[in-house]
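Peer 1: Sharing model-v8.cif (mmCIF, C-alpha atoms (C1' of nucleotides)) below.
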data_final
#
loop_
_atom_site.label_atom_id
_atom_site.label_comp_id
_atom_site.auth_asym_id
_atom_site.auth_seq_id
_atom_site.Cartn_x
_atom_site.Cartn_y
_atom_site.Cartn_z
CA MET V 1 -89.40 127.65 -164.94
CA LYS V 2 -89.05 125.33 -162.02
CA SER V 3 -92.71 124.23 -161.92
CA ALA V 4 -93.39 120.98 -160.13
CA GLY V 5 -92.85 117.39 -161.01
CA THR V 6 -89.43 116.66 -162.37
CA SER V 7 -87.02 116.42 -159.45
CA PRO V 8 -86.13 113.09 -157.84
CA GLY V 9 -87.33 112.04 -154.44
CA TRP V 10 -90.51 114.05 -154.32
CA GLY V 11 -91.17 115.08 -157.90
CA GLY V 12 -94.46 113.99 -159.36
CA ARG V 13 -95.94 113.18 -156.00
CA ASN V 14 -98.15 116.15 -156.29
CA ASP V 15 -101.33 116.02 -158.23
CA ARG V 16 -101.60 112.36 -157.45
CA ASP V 17 -105.38 112.37 -157.75
CA GLY V 18 -105.75 115.00 -160.40
CA LYS V 19 -106.57 117.91 -158.08
CA GLY V 20 -103.34 119.78 -158.82
CA CYS V 21 -101.92 122.87 -157.13
CA ARG V 22 -101.08 121.50 -153.66
CA LEU V 23 -97.61 122.32 -152.42
CA THR V 24 -95.03 120.75 -150.14
CA ILE V 25 -93.52 122.75 -147.33
CA LYS V 26 -90.36 123.06 -149.37
CA GLU V 27 -92.20 124.62 -152.28
CA VAL V 28 -94.07 127.03 -150.06
CA SER V 29 -90.83 127.94 -148.33
CA GLU V 30 -89.22 128.77 -151.66
CA GLN V 31 -92.18 130.64 -153.09
CA TYR V 32 -92.69 132.88 -150.10
CA GLY V 33 -89.15 133.23 -148.86
CA ILE V 34 -89.98 131.80 -145.46
CA THR V 35 -87.93 128.93 -144.07
CA GLN V 36 -89.55 125.58 -143.46
CA ASP V 37 -88.81 125.96 -139.77
CA THR V 38 -90.60 129.27 -139.68
CA LEU V 39 -93.58 127.87 -141.54
CA ARG V 40 -93.85 125.09 -138.98
CA TYR V 41 -93.38 127.59 -136.19
CA TYR V 42 -96.16 129.83 -137.53
CA GLU V 43 -98.50 126.89 -137.60
CA ARG V 44 -97.51 125.61 -134.18
CA ALA V 45 -97.89 129.08 -132.71
CA GLY V 46 -101.35 129.41 -134.22
CA MET V 47 -100.53 132.26 -136.58
CA ILE V 48 -102.13 130.19 -139.33
CA PRO V 49 -104.73 127.44 -138.94
CA ARG V 50 -103.56 123.86 -139.08
CA VAL V 51 -102.37 123.08 -142.58
CA THR V 52 -103.95 120.22 -144.51
CA ARG V 53 -101.97 116.94 -144.28
CA SER V 54 -101.49 114.13 -146.70
CA ALA V 55 -102.44 110.61 -145.65
CA SER V 56 -98.92 110.10 -144.34
CA GLY V 57 -98.96 113.25 -142.26
CA HIS V 58 -96.95 115.55 -144.51
CA ARG V 59 -98.15 119.13 -144.96
CA ASP V 60 -99.97 119.57 -148.23
CA TYR V 61 -100.60 123.30 -148.64
CA GLN V 62 -103.79 124.12 -150.47
CA PRO V 63 -104.81 127.53 -151.79
CA GLU V 64 -106.57 128.37 -148.57
CA ASP V 65 -103.50 127.47 -146.53
CA LEU V 66 -101.39 129.57 -148.83
CA ALA V 67 -103.66 132.56 -148.33
CA TRP V 68 -103.11 132.29 -144.58
CA VAL V 69 -99.37 132.00 -145.03
CA GLU V 70 -99.34 135.08 -147.17
CA LEU V 71 -101.44 137.05 -144.72
CA ALA V 72 -99.18 136.05 -141.86
CA LYS V 73 -96.11 137.05 -143.83
CA CYS V 74 -97.59 140.41 -144.75
CA LEU V 75 -98.67 141.28 -141.25
CA ARG V 76 -95.48 140.09 -139.58
CA GLY V 77 -93.45 141.95 -142.14
CA ALA V 78 -95.18 145.14 -141.10
CA GLY V 79 -94.42 144.46 -137.47
CA LEU V 80 -97.62 143.01 -136.04
CA THR V 81 -96.76 140.72 -133.16
CA VAL V 82 -97.20 137.00 -133.40
CA GLU V 83 -99.63 137.31 -130.53
CA ALA V 84 -101.89 139.74 -132.39
CA ILE V 85 -102.04 137.49 -135.42
CA VAL V 86 -102.71 134.45 -133.26
CA ASP V 87 -105.56 136.29 -131.59
CA TYR V 88 -107.07 137.16 -134.93
CA VAL V 89 -106.87 133.60 -136.20
CA ARG V 90 -108.36 132.26 -133.01
CA LEU V 91 -111.30 134.65 -133.25
CA TYR V 92 -111.74 133.80 -136.89
CA GLN V 93 -111.97 130.13 -136.04
CA GLN V 94 -114.63 130.77 -133.44
CA GLY V 95 -117.08 131.87 -136.07
CA ALA V 96 -119.30 134.79 -136.89
CA GLU V 97 -120.04 135.89 -133.34
CA THR V 98 -116.49 137.15 -133.08
CA VAL V 99 -116.84 139.67 -135.89
CA PRO V 100 -117.04 142.65 -133.50
CA ALA V 101 -114.01 141.46 -131.54
CA ARG V 102 -112.09 140.95 -134.75
CA LEU V 103 -113.06 144.39 -135.91
CA GLU V 104 -111.73 145.92 -132.76
CA LEU V 105 -108.51 143.98 -133.03
CA LEU V 106 -108.07 145.02 -136.65
CA ARG V 107 -108.67 148.66 -135.79
CA ARG V 108 -106.19 148.60 -132.94
CA GLN V 109 -103.54 147.07 -135.14
CA ARG V 110 -104.30 149.60 -137.83
CA GLU V 111 -103.68 152.40 -135.35
CA ALA V 112 -100.43 150.81 -134.30
CA LEU V 113 -99.30 150.66 -137.92
CA LEU V 114 -100.25 154.28 -138.55
CA ASP V 115 -98.22 155.19 -135.53
CA GLN V 116 -95.30 153.13 -136.69
CA ARG V 117 -95.49 154.79 -140.06
CA ARG V 118 -95.35 158.20 -138.41
CA GLN V 119 -92.21 157.17 -136.57
CA ILE V 120 -90.66 156.01 -139.79
CA GLU V 121 -91.50 159.29 -141.49
CA ALA V 122 -89.87 161.18 -138.66
CA ALA V 123 -86.74 159.07 -138.85
CA LEU V 124 -86.65 159.36 -142.64
CA ALA V 125 -86.81 163.13 -142.37
CA ARG V 126 -83.88 163.06 -140.00
CA LEU V 127 -81.87 160.67 -142.11
CA ASP V 128 -82.50 162.73 -145.23
CA HIS V 129 -81.39 165.82 -143.44
CA LYS V 130 -78.23 164.15 -142.22
CA ILE V 131 -77.54 162.66 -145.61
CA ARG V 132 -77.71 166.09 -147.17
CA TRP V 133 -75.39 167.50 -144.56
CA HIS V 134 -72.87 164.71 -145.05
CA GLN V 135 -73.04 165.11 -148.82
CA ASP V 136 -72.23 168.76 -148.42
CA GLN V 137 -69.30 167.90 -146.20
CA ALA V 138 -67.98 165.40 -148.68
CA ALA V 139 -68.39 167.88 -151.55
CA GLY V 140 -66.91 170.81 -149.64
CA SER V 141 -63.78 168.98 -148.52
CA GLY V 142 -62.64 168.58 -152.12
CA GLY V 143 -62.56 172.28 -153.01
CA THR V 144 -59.75 174.91 -152.96
CA MET R 1 -96.05 173.27 -113.86
CA LYS R 2 -93.40 170.90 -112.59
CA SER R 3 -90.25 172.75 -113.68
CA ALA R 4 -87.17 172.02 -111.62
CA GLY R 5 -86.18 172.92 -108.15
CA THR R 6 -88.86 172.28 -105.56
CA SER R 7 -88.74 168.60 -104.67
CA PRO R 8 -86.70 167.32 -101.72
CA GLY R 9 -83.53 165.30 -102.01
CA TRP R 10 -82.38 166.58 -105.37
CA GLY R 11 -84.42 169.71 -106.01
CA GLY R 12 -82.51 172.90 -106.48
CA ARG R 13 -79.31 171.04 -107.17
CA ASN R 14 -79.53 172.03 -110.75
CA ASP R 15 -78.26 175.35 -111.90
CA ARG R 16 -75.79 175.37 -109.04
CA ASP R 17 -73.35 177.62 -110.84
CA GLY R 18 -75.76 179.69 -112.86
CA LYS R 19 -75.47 177.70 -116.12
CA GLY R 20 -79.07 176.41 -116.00
CA CYS R 21 -80.78 173.78 -118.16
CA ARG R 22 -78.92 170.60 -117.14
CA LEU R 23 -81.15 167.66 -116.35
CA THR R 24 -81.03 164.62 -114.10
CA ILE R 25 -81.66 161.19 -115.53
CA LYS R 26 -85.07 161.25 -113.92
CA GLU R 27 -86.03 164.45 -115.69
CA VAL R 28 -84.79 163.19 -119.04
CA SER R 29 -86.64 159.95 -118.47
CA GLU R 30 -89.88 161.81 -117.89
CA GLN R 31 -89.45 164.28 -120.71
CA TYR R 32 -88.69 161.69 -123.34
CA GLY R 33 -90.73 158.77 -122.09
CA ILE R 34 -87.69 156.51 -121.82
CA THR R 35 -86.99 154.69 -118.56
CA GLN R 36 -83.88 155.51 -116.61
CA ASP R 37 -82.72 151.96 -117.12
CA THR R 38 -83.05 152.29 -120.85
CA LEU R 39 -81.22 155.60 -120.85
CA ARG R 40 -78.32 153.96 -119.01
CA TYR R 41 -78.47 151.02 -121.36
CA TYR R 42 -78.34 153.26 -124.43
CA GLU R 43 -75.27 154.95 -123.09
CA ARG R 44 -73.56 151.75 -122.07
CA ALA R 45 -74.30 150.20 -125.44
CA GLY R 46 -72.81 153.23 -127.20
CA MET R 47 -76.02 154.41 -128.83
CA ILE R 48 -75.26 157.84 -127.41
CA PRO R 49 -71.87 159.24 -126.42
CA ARG R 50 -70.97 159.24 -122.75
CA VAL R 51 -73.18 161.69 -120.92
CA THR R 52 -71.65 164.51 -118.89
CA ARG R 53 -71.33 163.73 -115.17
CA SER R 54 -71.51 165.90 -112.09
CA ALA R 55 -68.62 165.93 -109.63
CA SER R 56 -70.25 163.08 -107.73
CA GLY R 57 -70.60 160.94 -110.83
CA HIS R 58 -74.30 161.52 -111.51
CA ARG R 59 -75.44 162.05 -115.07
CA ASP R 60 -76.00 165.71 -115.83
CA TYR R 61 -77.61 165.88 -119.26
CA GLN R 62 -76.70 168.96 -121.24
CA PRO R 63 -78.36 170.15 -124.44
CA GLU R 64 -75.92 168.21 -126.54
CA ASP R 65 -76.57 165.02 -124.60
CA LEU R 66 -80.30 165.58 -125.00
CA ALA R 67 -79.94 165.92 -128.73
CA TRP R 68 -78.30 162.50 -128.84
CA VAL R 69 -81.00 161.00 -126.68
CA GLU R 70 -83.64 162.38 -128.94
CA LEU R 71 -81.92 161.11 -132.05
CA ALA R 72 -81.56 157.66 -130.55
CA LYS R 73 -85.19 157.60 -129.55
CA CYS R 74 -86.32 158.69 -132.99
CA LEU R 75 -84.22 156.15 -134.85
CA ARG R 76 -85.00 153.25 -132.52
CA GLY R 77 -88.67 154.12 -132.67
CA ALA R 78 -88.54 153.70 -136.42
CA GLY R 79 -86.88 150.32 -136.07
CA LEU R 80 -83.19 150.94 -136.65
CA THR R 81 -81.17 148.39 -134.72
CA VAL R 82 -79.11 149.33 -131.74
CA GLU R 83 -76.11 148.13 -133.68
CA ALA R 84 -76.71 150.52 -136.57
CA ILE R 85 -77.02 153.46 -134.23
CA VAL R 86 -73.92 152.43 -132.32
CA ASP R 87 -72.02 152.21 -135.58
CA TYR R 88 -73.09 155.69 -136.53
CA VAL R 89 -72.10 157.16 -133.18
CA ARG R 90 -68.74 155.43 -133.31
CA LEU R 91 -68.02 156.82 -136.75
CA TYR R 92 -69.14 160.24 -135.66
CA GLN R 93 -66.69 160.15 -132.79
CA GLN R 94 -63.86 159.23 -135.08
CA GLY R 95 -64.01 162.58 -136.81
CA ALA R 96 -64.36 164.00 -140.27
CA GLU R 97 -62.58 161.21 -142.17
CA THR R 98 -65.56 158.98 -141.50
CA VAL R 99 -68.01 161.20 -143.38
CA PRO R 100 -68.15 158.85 -146.40
CA ALA R 101 -68.67 155.83 -144.20
CA ARG R 102 -71.41 157.61 -142.28
CA LEU R 103 -73.04 158.61 -145.53
CA GLU R 104 -73.13 155.04 -146.68
CA LEU R 105 -74.56 153.88 -143.37
CA LEU R 106 -77.23 156.56 -143.46
CA ARG R 107 -78.20 155.65 -146.99
CA ARG R 108 -78.45 151.96 -146.18
CA GLN R 109 -80.66 152.67 -143.19
CA ARG R 110 -82.77 154.98 -145.29
CA GLU R 111 -83.36 152.18 -147.77
CA ALA R 112 -84.32 149.84 -144.94
CA LEU R 113 -86.84 152.35 -143.68
CA LEU R 114 -88.33 152.86 -147.12
CA ASP R 115 -88.70 149.13 -147.38
CA GLN R 116 -90.27 148.90 -143.98
CA ARG R 117 -92.69 151.63 -144.94
CA ARG R 118 -93.70 149.68 -148.01
CA GLN R 119 -94.45 146.67 -145.88
CA ILE R 120 -96.55 148.77 -143.58
CA GLU R 121 -98.49 150.20 -146.51
CA ALA R 122 -99.19 146.71 -147.74
CA ALA R 123 -100.40 145.57 -144.35
CA LEU R 124 -102.49 148.70 -143.93
CA ALA R 125 -104.19 148.04 -147.23
CA ARG R 126 -105.02 144.55 -146.07
CA LEU R 127 -106.25 145.65 -142.70
CA ASP R 128 -108.42 148.34 -144.25
CA HIS R 129 -109.88 145.82 -146.60
CA LYS R 130 -110.63 143.43 -143.78
CA ILE R 131 -112.05 146.19 -141.62
CA ARG R 132 -114.47 147.13 -144.36
CA TRP R 133 -115.51 143.53 -144.78
CA HIS R 134 -116.08 143.08 -141.07
CA GLN R 135 -118.03 146.31 -140.89
CA ASP R 136 -120.30 145.06 -143.65
CA GLN R 137 -120.79 141.81 -141.79
CA ALA R 138 -121.69 143.60 -138.61
CA ALA R 139 -124.10 145.89 -140.44
CA GLY R 140 -125.72 143.18 -142.54
CA SER R 141 -126.36 140.81 -139.63
CA GLY R 142 -128.78 143.30 -138.09
CA GLY R 143 -131.28 143.45 -140.97
CA THR R 144 -134.58 141.53 -141.33
"C1'" DA H 1 -84.46 94.93 -149.50
"C1'" DT H 2 -81.69 98.92 -149.12
"C1'" DA H 3 -80.12 103.40 -149.64
"C1'" DC H 4 -81.35 108.09 -149.82
"C1'" DT H 5 -83.79 112.19 -149.16
"C1'" DA H 6 -87.82 114.93 -147.50
"C1'" DT H 7 -90.62 115.42 -143.86
"C1'" DT H 8 -92.49 114.84 -139.17
"C1'" DT H 9 -92.50 116.05 -134.00
"C1'" DG H 10 -90.94 117.96 -129.55
"C1'" DG H 11 -87.74 120.42 -127.36
"C1'" DA H 12 -83.59 123.04 -126.75
"C1'" DG H 13 -80.74 126.99 -128.27
"C1'" DT H 14 -79.97 131.77 -130.00
"C1'" DC H 15 -80.25 136.69 -130.57
"C1'" DA H 16 -81.69 141.50 -129.88
"C1'" DA H 17 -83.27 144.68 -126.79
"C1'" DC H 18 -84.33 145.59 -122.89
"C1'" DT H 19 -85.33 144.94 -117.59
"C1'" DT H 20 -84.45 143.66 -112.95
"C1'" DA H 21 -81.59 142.80 -109.07
"C1'" DA H 22 -77.80 143.49 -105.81
"C1'" DG H 23 -74.76 146.20 -103.55
"C1'" DG H 24 -72.63 150.76 -103.11
"C1'" DT H 25 -72.19 156.23 -103.13
"C1'" DC H 26 -73.64 160.80 -102.08
"C1'" DA H 27 -76.13 165.04 -100.52
"C1'" DA H 28 -79.87 166.71 -97.65
"C1'" DG H 29 -83.06 166.73 -93.67
"C1'" DC H 30 -83.92 165.58 -88.76
"C1'" DG Q 1 -74.50 161.09 -87.27
"C1'" DC Q 2 -77.97 158.66 -89.23
"C1'" DT Q 3 -81.68 157.83 -92.19
"C1'" DT Q 4 -83.64 158.63 -96.76
"C1'" DG Q 5 -84.05 158.80 -101.62
"C1'" DA Q 6 -82.00 159.45 -106.13
"C1'" DC Q 7 -78.28 157.88 -108.30
"C1'" DC Q 8 -74.30 154.80 -109.56
"C1'" DT Q 9 -72.24 150.15 -111.66
"C1'" DT Q 10 -72.03 145.32 -112.92
"C1'" DA Q 11 -74.22 141.28 -113.87
"C1'" DA Q 12 -77.95 138.32 -114.40
"C1'" DG Q 13 -82.78 137.57 -116.05
"C1'" DT Q 14 -86.70 138.16 -119.35
"C1'" DT Q 15 -89.28 138.39 -123.69
"C1'" DG Q 16 -90.40 137.76 -128.50
"C1'" DA Q 17 -89.45 135.53 -132.54
"C1'" DC Q 18 -87.38 132.58 -134.50
"C1'" DT Q 19 -83.72 128.65 -135.51
"C1'" DC Q 20 -81.50 124.40 -134.84
"C1'" DC Q 21 -81.26 119.57 -133.41
"C1'" DA Q 22 -82.41 114.62 -132.77
"C1'" DA Q 23 -84.93 110.69 -133.51
"C1'" DA Q 24 -88.58 108.63 -136.13
"C1'" DT Q 25 -91.29 107.96 -140.43
"C1'" DA Q 26 -92.45 108.17 -145.44
"C1'" DG Q 27 -91.81 107.85 -150.24
"C1'" DT Q 28 -88.78 106.90 -154.28
"C1'" DA Q 29 -84.81 104.94 -156.75
"C1'" DT Q 30 -81.74 100.98 -157.39
#
Could you rewrite the structure in this file as structure tokens?
Peer 2:
Amino acid sequence: MKSAGTSPGWGGRNDRDGKGCRLTIKEVSEQYGITQDTLRYYERAGMIPRVTRSASGHRDYQPEDLAWVELAKCLRGAGLTVEAIVDYVRLYQQGAETVPARLELLRRQREALLDQRRQIEAALARLDHKIRWHQDQAAGSGGT
Amino acid sequence: MKSAGTSPGWGGRNDRDGKGCRLTIKEVSEQYGITQDTLRYYERAGMIPRVTRSASGHRDYQPEDLAWVELAKCLRGAGLTVEAIVDYVRLYQQGAETVPARLELLRRQREALLDQRRQIEAALARLDHKIRWHQDQAAGSGGT
DNA sequence: ATACTATTTGGAGTCAACTTAAGGTCAAGC
DNA sequence: GCTTGACCTTAAGTTGACTCCAAATAGTAT
């Protein structure tokens, strides 16, 4: 229900030549739950390719840019390092010859995630065990 | 294989009164794959209760101490913050009245881990998808 | 034209979790 | 009795990933 185009200051600036669907950094920030500072940081660090700019130099996120933002968010959320994501983007930008290198990178990161998942399972098992024990304690202390 | 008691300087110091099974910081470090510095840091930070000392002030890890070390390693490995673990240990040391508080802490951390696992699943799905795509590219580029 | 707000850049600051350094103690071997 | 090596403590330094700040510019509303 917020859609675009009715707030003062910036509203209606979008879609100025009928192409529709470009977003300001503020909009992207709100839609993805990433602060504007972090979006700029991701770009500066090279975690996403340079975002399209308007004539005046403002970021003007297009679908392709959004896809990169979403990928970056997903991978960082899972714990990939900024460095790994930067490496992937750099390879991607170097063209098709880097497909094998990218593949290797992707596989290594996949292994790291599988490992991380194993560690989480182990910790979950321990927490569940402890939770049960503490529940029993809490229940037991009320009796007699 | 290595067991304890044959190296110079410290060897044979263990088990000096027939109790057996106490470990130096070096041994713990090797067995758990945690550096000595990190072991000291964990203790100083309160992630594990104060470790038993020998008469001369050296750490002398006993089974109970080891259990704490292992718990700390497991939880940190899964991503719990040092702060969360410290909080748990502090509550634990305050005795049985803190059982409800501990339970709540454990449940909150469990939720965080479940969430983290979801994020990893999502990233894994994406990586797998990309890996397949890159494999196809690599395979296709060889034909004709 | 002027006020106001969103955005830009570059750079400095913060925070968590270690990690390293400096200086000192202690038991064993020569 | 002196050197050696593992250990101790306290404090400072490092790293990764943001997060905040200042000064300048851009677009819109009055």
Peer 1: Starting from the point (-101.3, 108.5, -149.3), work out which residues of protein, DNA or RNA have an atom no more than 10 Å away when counting all atoms listed in the file; state them as a list of chain:residue names.
Peer 2: V:Arg13, V:Arg16, V:Arg53, V:Ser54, V:Ala55, V:Ser56, V:Gly57, V:His58, Q:DA26, Q:DG27
Peer 1: Take the PyMOL selection byres ((chain H and resi 18) around 8), apply it to the structure above, and return the hits as a PyMOL selection string.
Peer 2: (chain R and resi 38) or (chain H and resi 17+19)
Peer 1: One decimal, in Å: what's the spacing between CA of Arg59 in chain V and C1' of DT2 in chain H?
Peer 2: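 Between these atoms lies a distance of 26.4 Å.
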Peer 1: What gap, in Å, lies between CA of Gly46 in chain R and CA of Val99 in chain R?
Peer 2: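 Interatomic distance here is 18.7 Å.
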Peer 1: So which residues get picked by the PyMOL selection byres ((chain Q and resi 12) around 12) here, written as an mmCIF file with C-alpha atoms (C1' of nucleotides), in the frame of the given file?
Peer 2:
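Result file selection21.cif:
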data_model
loop_
_atom_site.group_PDB
_atom_site.id
_atom_site.type_symbol
_atom_site.label_atom_id
_atom_site.label_comp_id
_atom_site.auth_asym_id
_atom_site.auth_seq_id
_atom_site.Cartn_x
_atom_site.Cartn_y
_atom_site.Cartn_z
ATOM 1 C "C1'" DT H 19 -85.330 144.940 -117.590
ATOM 2 C "C1'" DT H 20 -84.450 143.660 -112.950
ATOM 3 C "C1'" DA H 21 -81.590 142.800 -109.070
ATOM 4 C "C1'" DA H 22 -77.800 143.490 -105.810
ATOM 5 C "C1'" DT Q 10 -72.030 145.320 -112.920
ATOM 6 C "C1'" DA Q 11 -74.220 141.280 -113.870
ATOM 7 C "C1'" DG Q 13 -82.780 137.570 -116.050
ATOM 8 C "C1'" DT Q 14 -86.700 138.160 -119.350
#
Peer 1: Determine, using only C-alpha atoms, which residues of chain V have any atom at most 6 Å from an atom of chain R, and tabulate each with its shortest atom pair and distance in Å to one decimal place, rows ordered by chain and then rising number, as a tab-separated table.
Peer 2:
residue	atom	partner	partner_atom	distance
V:Cys74	CA	R:Ala123	CA	5.9
V:Leu75	CA	R:Ala123	CA	5.6
V:Ala78	CA	R:Ile120	CA	4.6
V:Gln119	CA	R:Ala78	CA	5.1
V:Ile120	CA	R:Ala78	CA	4.6
V:Ala123	CA	R:Leu75	CA	5.6
